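K.L.:
Take this structure, written in structure tokens, and hold onto it; I'll ask about it next.
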Amino acid sequence: MQSKTSYFSKAIFCKNMTRFWPLWGAYFLICMIKLPLRLFYALKIRDLEPGVVLEEYRLSQLENVVNTALHPLLLFLFAAIAAIAVFSYLYQQKSCHMLHAFPVCRETLFFTNALSGICFLTIPQAAAFLTGIFVCFFRHMTQLEYLMHYLVLSVGMAFFAFALAVCMVMIAGNMVAAAVFDLIANFLFVGCQTVVSELLVLMSYGMDEVPESFGVFLSPYYYLSTLFPDLFQIGWSETDLSKAYVAVTVYFMAALLLFALSMLVYRRKHLETAGDVLTVSGLKPVFRWGAAFCAGCLVTICGQFWLVGDYFSGKNLLLLLILMLLGSGITFFLAEMLLQKKFFVFCRKKLLEWGIGAAIFCGFLIGVDFNVFGFETWLPKEEDLEMVFVSGIYPIRVEEEDFSQVLQIHENLIENKTELQRYFQKYQDNCRKTTLKLVYTMKDGRVQTRSYQIPVEDYYLAKEDYAFNLLTELSDCPEYYLRYHFTEAYEAITFVDGSLDVLRQEKYLEGISLDQEQCRQIYAAFRKDIEEGNYKIYDYALCDQSADRVYYNTLSLTYHVPRGSGYVFYGGVGEATEAETLQAAAISLTTDCEHTLQILKELGILESEKNLITQEEADYLYDEELPAATVYH
Amino acid sequence: MVKAEQIVKYFGRFCALDHVDLHVPKGAVYGLVGPNGAGKSTMIRHIMGIYRPFLGRVLIDGEPVYEHEAVKRNIAYIPDELFYFAQANTMEMKRFYAGLYPQFDEKMFEQLREFFPSIDTRRRIRKLSKGMQKQVLFWLSLCCNPRLMVLDEPIDGLDPVMRRQLWNLILEQVRVREMTVLISSHNLRELEDVCDYVGMMHQGRLLLEHSLCELQQNISKVQVAFAEGTFLPPKELKVLHLSNLGRVYTLILKGDPKQAVEKLQKLNPLLVDVLPLSLEEIFIYELGGADYAVKDILF
């Protein structure tokens, strides 16, 4: 029996608990397996390899188990199932009518069911936490803060995942729609961003994938699944943990809003909509148009890839328009059929609505094709740039004084758009080319990326201000070479070891190990070569020209950098975390590296240059077969 | 007890209820009749506070029923489509009802057990026959001691003995506790036996609402025979239907039968006789007047 002021019904709550015990029972089992049971085995004292400290090993095991337990996949899955289960009466006319004929108001039904769902998720988590504590004590582990982090973060996530699912349940009129909406809501932002970005890449010269932005937060499952499994990695920091707590706190606040919104929707819900796909009439156009636009873009992208190829293979606007009209048109009317629960939806009003939408979609495509939005000709102002990353011959984080050089390359590519397009349409499958990626980070935090294919042909290379020549000029810089191979903290590195592949007899390569001191001396010599301009990285497109100057043998140097040191890789720019302080450089020496070759000979690693083979010699020697096995000493 | 004022309900563009006014006096048995799709179930769902009307309101004892827990505690509902929780048996459903209805009478539940001997209370309700499922719902609803019982086509699927038994139980509650009953049914012969009031719906509107006596007095079947000639009924008479077999004419008249007889007497008939009309006949003739396609079944 409930009081007049209470929004809790014991009868409904007990009904949920007894009816849905297989649901919370299953989640309870999963939680117990994911945390305490795994801890029980992971923390077992066992014989370890020499040099491994038992306590450190056990702590890493604990971190690993908590990491896995925090993965949101099963949590989001069970949150959706719980929400659908406790509000399942809303999906059938007869159950919906019966439940609402009982003396319980919608607020009571909502809060009691919501509480039941939260209990389904959080009680097993709390039980796993408590059992985990016992296991830790049993295994003599005292780092209980990890378990506390598990409890707080997983309860926070559960609260949000359930609130989002409840919101979708309120909007949907049947079980399948609720599940699909929940899935969409968890990926909506990244999904739309990917589709639009892929379309722009396909249609706009130089457009590259849109980099991940703050908006990714709006795709909760996607965001949390990238955040949590790596939370307690080796050398995790308080900053990582704080980030996780901030994210969960924000999601928790969002959950409160979602609950309020769901309650509002429930209050205003017309129960005769039970069984429909959507119960909120205001969202029906959003559903129709959202589905039509995304499907139109997807069909256009897939059609272009399957029928034509990528951007540089050429594009046919008429074909793209037809694909867009087909994809979005079919989806528009399919969505309408779902909404109306009938096949014949082709009334004049809907056809007119579709006509207007089709005109907008086509206008968008034509606009993109004719660069109405200015994506193709966009060039940042130098004073607005915070950071520029260039991935061409090798990755470079560009110094401020070189920003103008990068902009000159970019401008050159924009100016030569028509010529380059013609070239690639003619020689796409049989040409020498390189790919250049430019990433601009603006002072206001925005990130813009552009990507171009550049022909590497003598005709173009003869032009002094040609983009590739400018890129070579930019790349041929001792500072950038050092940073590429030895991070931005190249002055502060400490070597661990290294190796060099040395040709011993005929075509057998022998891997010679280098000790710390040898590495240090080789580094000093190599640095001298770089600074004197003896060393150069050649673009792969020019490999036939550089093959007699670049050695096939690889010099590998492993070193430690201070934590937080900046480094570049082909994907972008990073900062060395605790786990990334160990770095490695793989260097292809050139015939001009006289200091390095000299020190290698002095150290007795090389007898002469004959122990090294150039790319050209290697091609001849190995005749495109795999090289003979390298033996390491 | 029940007062529905100007209820309007749209399903999309379809007007399911069109300014319906309905009044059920306390302690009465009110029959809501009408053809399929007339809006009876929709009206009942408004009375139960399930649907929110587009316009108008439903009051139970002067209080709005929509989202009003205290009011709903005094109402029991037996819908046309039964719903029980999957896996639940009668005892579990009893506990659920007892949790929702504070006045649920456990003693009565035990007392009524003898009226439902065929029901295995430990068996899952969904495994019981449709008729038995209905009996369980009657059993539980009666134990809620409601002041208003709303029944939406409740008798279908029950055997005649059980039907009589259930009516006895319901009418006993009406007699002892002044329980009000609102029932929608197509079984007009049965309603005629139990109803005090009748409301007739058609195309979302309430065509008429009267006590059964008034209704039967207001519509009558008059047989009149003449020696010769063609009979044309006087214009003052409101004739719903006219048929003849030889010289005997049968008139279905709306209005006071005594006045009609007086007027017919002036035409010097061989015979004038007033016959009682059943509820089923009233239903047919009333709806015939409301353009309902009953012409083929009129005699």
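The chains in the structure tokens are called A, B, ... from first to last as shown; in each chain the residues are counted from 1, and the ligands are counted from 1 in the order shown.
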What's around A:Arg106 at 8 Å? Count only C-alpha atoms, leave out sequence neighbours fewer than 3 positions away in its own chain, and write the answer as a list of chain:residue names.

P.N.:
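Counting only C-alpha atoms, the residues come to A:His100, A:Leu109, A:Phe110, A:Tyr266, A:Arg267, B:Glu67.
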
K.L.:
Kindly save the residues from that selection, with C-alpha atoms included, as a PDB file, in the first residue's frame.

P.N.:
```
ATOM      1  CA  HIS A 100      -3.110   2.028 -16.393  1.00  0.00           C
ATOM      2  CA  LEU A 109       4.593   3.488 -12.414  1.00  0.00           C
ATOM      3  CA  PHE A 110       7.551   5.421 -13.792  1.00  0.00           C
ATOM      4  CA  TYR A 266       5.340   9.366 -20.210  1.00  0.00           C
ATOM      5  CA  ARG A 267       2.972  11.896 -18.675  1.00  0.00           C
TER       6      ARG A 267
ATOM      7  CA  GLU B  67      -4.372   9.930 -13.142  1.00  0.00           C
TER       8      GLU B  67
END
```

K.L.:
Which chain A residues are at most 8 Å from chain B (counting only C-alpha atoms), as a ChimeraX atom specification?

P.N.:
/A:1,9-12,15,19,94-95,97-98,100-106,270-272

K.L.:
Tell me, as a list in words, which residues lie within 8 Å of stretch 436-447 of chain A, counting only C-alpha atoms; anything in the same chain fewer than 3 positions away does not count.

P.N.:
Pro211, Asp384, Leu385, Glu386, Met387, Val388, Phe389, Val390, Ser391, Gly392, Ile393, Arg450, Ser451, Tyr452, Gln453 and Ile454 of chain A

K.L.:
Considering only C-alpha atoms, return as a list of chain:residue names whatever protein or nucleic-acid residues lie within 12 Å of B:Glu262, sequence-local ones (same chain, fewer than 3 positions apart) excluded.

P.N.:
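Within the cut-off, the hits are B:Val222, B:Pro234, B:Glu236, B:Leu237, B:Asp256, B:Pro257, B:Lys258, B:Gln259, B:Gln265, B:Lys266, B:Leu267, B:Asn268, B:Pro269, B:Val272, B:Asp273, B:Val274.
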
K.L.:
Export, as a PDB file, in the first residue's frame, the selected residues with C-alpha atoms.

P.N.:
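Final output, saved to again08.pdb:
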```
ATOM      1  CA  VAL B 222     -48.243  -1.376 -32.609  1.00  0.00           C
ATOM      2  CA  PRO B 234     -50.999   9.830 -39.495  1.00  0.00           C
ATOM      3  CA  GLU B 236     -48.160  13.188 -36.193  1.00  0.00           C
ATOM      4  CA  LEU B 237     -46.868   9.697 -35.460  1.00  0.00           C
ATOM      5  CA  ASP B 256     -46.059   7.666 -26.041  1.00  0.00           C
ATOM      6  CA  PRO B 257     -47.866   4.468 -27.200  1.00  0.00           C
ATOM      7  CA  LYS B 258     -51.178   5.576 -25.588  1.00  0.00           C
ATOM      8  CA  GLN B 259     -51.329   8.727 -27.677  1.00  0.00           C
ATOM      9  CA  GLN B 265     -58.386   4.620 -33.219  1.00  0.00           C
ATOM     10  CA  LYS B 266     -59.646   7.623 -35.118  1.00  0.00           C
ATOM     11  CA  LEU B 267     -58.974   5.738 -38.360  1.00  0.00           C
ATOM     12  CA  ASN B 268     -61.529   3.056 -37.348  1.00  0.00           C
ATOM     13  CA  PRO B 269     -59.292   0.022 -37.456  1.00  0.00           C
ATOM     14  CA  VAL B 272     -55.144  -1.961 -32.500  1.00  0.00           C
ATOM     15  CA  ASP B 273     -52.718  -3.743 -30.242  1.00  0.00           C
ATOM     16  CA  VAL B 274     -49.569  -2.542 -28.454  1.00  0.00           C
TER      17      VAL B 274
END
```

K.L.:
I need the residues of stretch 20-89 of chain B that end up classed as helix (DSSP H, G or I) by DSSP on the backbone, written out as a list in words.

P.N.:
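The residues of stretch 20-89 of chain B classed as helix (DSSP H, G or I) are Lys40, Ser41, Thr42, Met43, Ile44, Arg45, His46, Ile47, Glu69, Ala70, Val71 and Lys72 of chain B.
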
K.L.:
Would you pick out the contacts of A:Glu382 at 8 Å or less, using only C-alpha atoms, so that residues sharing its chain but fewer than 3 positions from it are not included, and give the list as number ranges by chain?

P.N.:
A: 385, 403-404, 407

K.L.:
For A:Ser499, find every residue with an atom within 10 Å (counting only C-alpha atoms), except residues of its own chain fewer than 6 positions away, and show them as a ChimeraX atom specification.

P.N.:
/A:510-515,518-519,554-558,586,605,632-633

K.L.:
With a distance cut-off of 12 Å and only C-alpha atoms, select the neighbouring residues of A:Thr226, excluding the residue or stretch itself and same-chain residues fewer than 2 positions from it, and output the selection as a VMD selection string.

P.N.:
chain A and resid 67 70 to 73 212 216 to 217 219 to 224 228 to 231 244 247

K.L.:
Go through B:Val224, B:Met149, B:Leu277, B:Leu271 one by one, measure the shortest atom-to-atom distance of each to B:Leu251 using only C-alpha atoms, and give the residue with the smallest value.

P.N.:
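Smallest distance to B:Leu251 is found for B:Val224.
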
K.L.:
Just the number, please: distance in Å from atom CA of B:Asn89 to atom CA of B:Ile125, one decimal.

P.N.:
5.0 Å

K.L.:
Apply DSSP to the backbone of this structure and, from stretch 204-247 of chain B, keep only the residues in strand (DSSP E); write these as a list in words.

P.N.:
Arg205, Leu206, Leu207, Leu208, Glu209, His210, Ser211, Ile219, Ser220, Lys221, Val222, Gln223, Val224, Ala225, Lys238, Val239, Leu240, His241, Leu242, Ser243, Asn244 and Leu245 of chain B

K.L.:
Would you mind exporting N, CA and C atoms of the selected residues as a tab-separated table (two decimals), in the first residue's frame?

P.N.:
```tsv
chain	number	residue	atom	x	y	z
B	205	ARG	N	-20.93	8.75	-31.13
B	205	ARG	CA	-21.88	9.63	-30.43
B	205	ARG	C	-22.83	8.79	-29.58
B	206	LEU	N	-23.33	9.39	-28.51
B	206	LEU	CA	-24.31	8.70	-27.69
B	206	LEU	C	-25.68	9.06	-28.25
B	207	LEU	N	-26.33	8.04	-28.85
B	207	LEU	CA	-27.62	8.33	-29.50
B	207	LEU	C	-28.71	8.57	-28.47
B	208	LEU	N	-28.70	7.75	-27.47
B	208	LEU	CA	-29.73	7.91	-26.43
B	208	LEU	C	-29.22	7.39	-25.11
B	209	GLU	N	-29.83	7.87	-24.05
B	209	GLU	CA	-29.46	7.41	-22.71
B	209	GLU	C	-30.71	7.52	-21.86
B	210	HIS	N	-31.24	6.35	-21.50
B	210	HIS	CA	-32.49	6.33	-20.73
B	210	HIS	C	-32.45	5.17	-19.76
B	211	SER	N	-33.42	5.23	-18.82
B	211	SER	CA	-33.63	4.01	-18.03
B	211	SER	C	-34.31	3.01	-18.97
B	219	ILE	N	-40.50	3.57	-27.07
B	219	ILE	CA	-40.58	2.92	-28.38
B	219	ILE	C	-41.54	1.74	-28.24
B	220	SER	N	-42.44	1.66	-29.16
B	220	SER	CA	-43.42	0.56	-29.04
B	220	SER	C	-43.74	-0.02	-30.41
B	221	LYS	N	-44.19	-1.26	-30.34
B	221	LYS	CA	-44.63	-1.94	-31.57
B	221	LYS	C	-46.16	-1.99	-31.54
B	222	VAL	N	-46.77	-1.42	-32.56
B	222	VAL	CA	-48.24	-1.38	-32.61
B	222	VAL	C	-48.71	-2.14	-33.84
B	223	GLN	N	-49.66	-3.05	-33.61
B	223	GLN	CA	-50.25	-3.77	-34.75
B	223	GLN	C	-51.65	-3.23	-34.97
B	224	VAL	N	-51.92	-2.95	-36.20
B	224	VAL	CA	-53.24	-2.39	-36.52
B	224	VAL	C	-53.75	-3.07	-37.79
B	225	ALA	N	-55.07	-3.40	-37.78
B	225	ALA	CA	-55.67	-4.07	-38.94
B	225	ALA	C	-56.88	-3.27	-39.42
B	238	LYS	N	-44.50	9.33	-35.06
B	238	LYS	CA	-43.09	9.20	-35.47
B	238	LYS	C	-42.84	7.71	-35.73
B	239	VAL	N	-42.99	7.34	-36.98
B	239	VAL	CA	-42.88	5.92	-37.34
B	239	VAL	C	-41.44	5.58	-37.68
B	240	LEU	N	-40.86	4.65	-36.90
B	240	LEU	CA	-39.48	4.21	-37.20
B	240	LEU	C	-39.49	3.15	-38.29
B	241	HIS	N	-40.56	2.35	-38.32
B	241	HIS	CA	-40.64	1.29	-39.31
B	241	HIS	C	-42.09	0.89	-39.53
B	242	LEU	N	-42.41	0.55	-40.78
B	242	LEU	CA	-43.78	0.13	-41.10
B	242	LEU	C	-43.69	-1.09	-42.00
B	243	SER	N	-44.49	-2.11	-41.65
B	243	SER	CA	-44.55	-3.30	-42.53
B	243	SER	C	-45.98	-3.84	-42.48
B	244	ASN	N	-46.33	-4.62	-43.46
B	244	ASN	CA	-47.68	-5.19	-43.41
B	244	ASN	C	-47.70	-6.62	-43.92
B	245	LEU	N	-48.64	-7.35	-43.41
B	245	LEU	CA	-48.88	-8.73	-43.84
B	245	LEU	C	-50.38	-8.81	-44.09
```
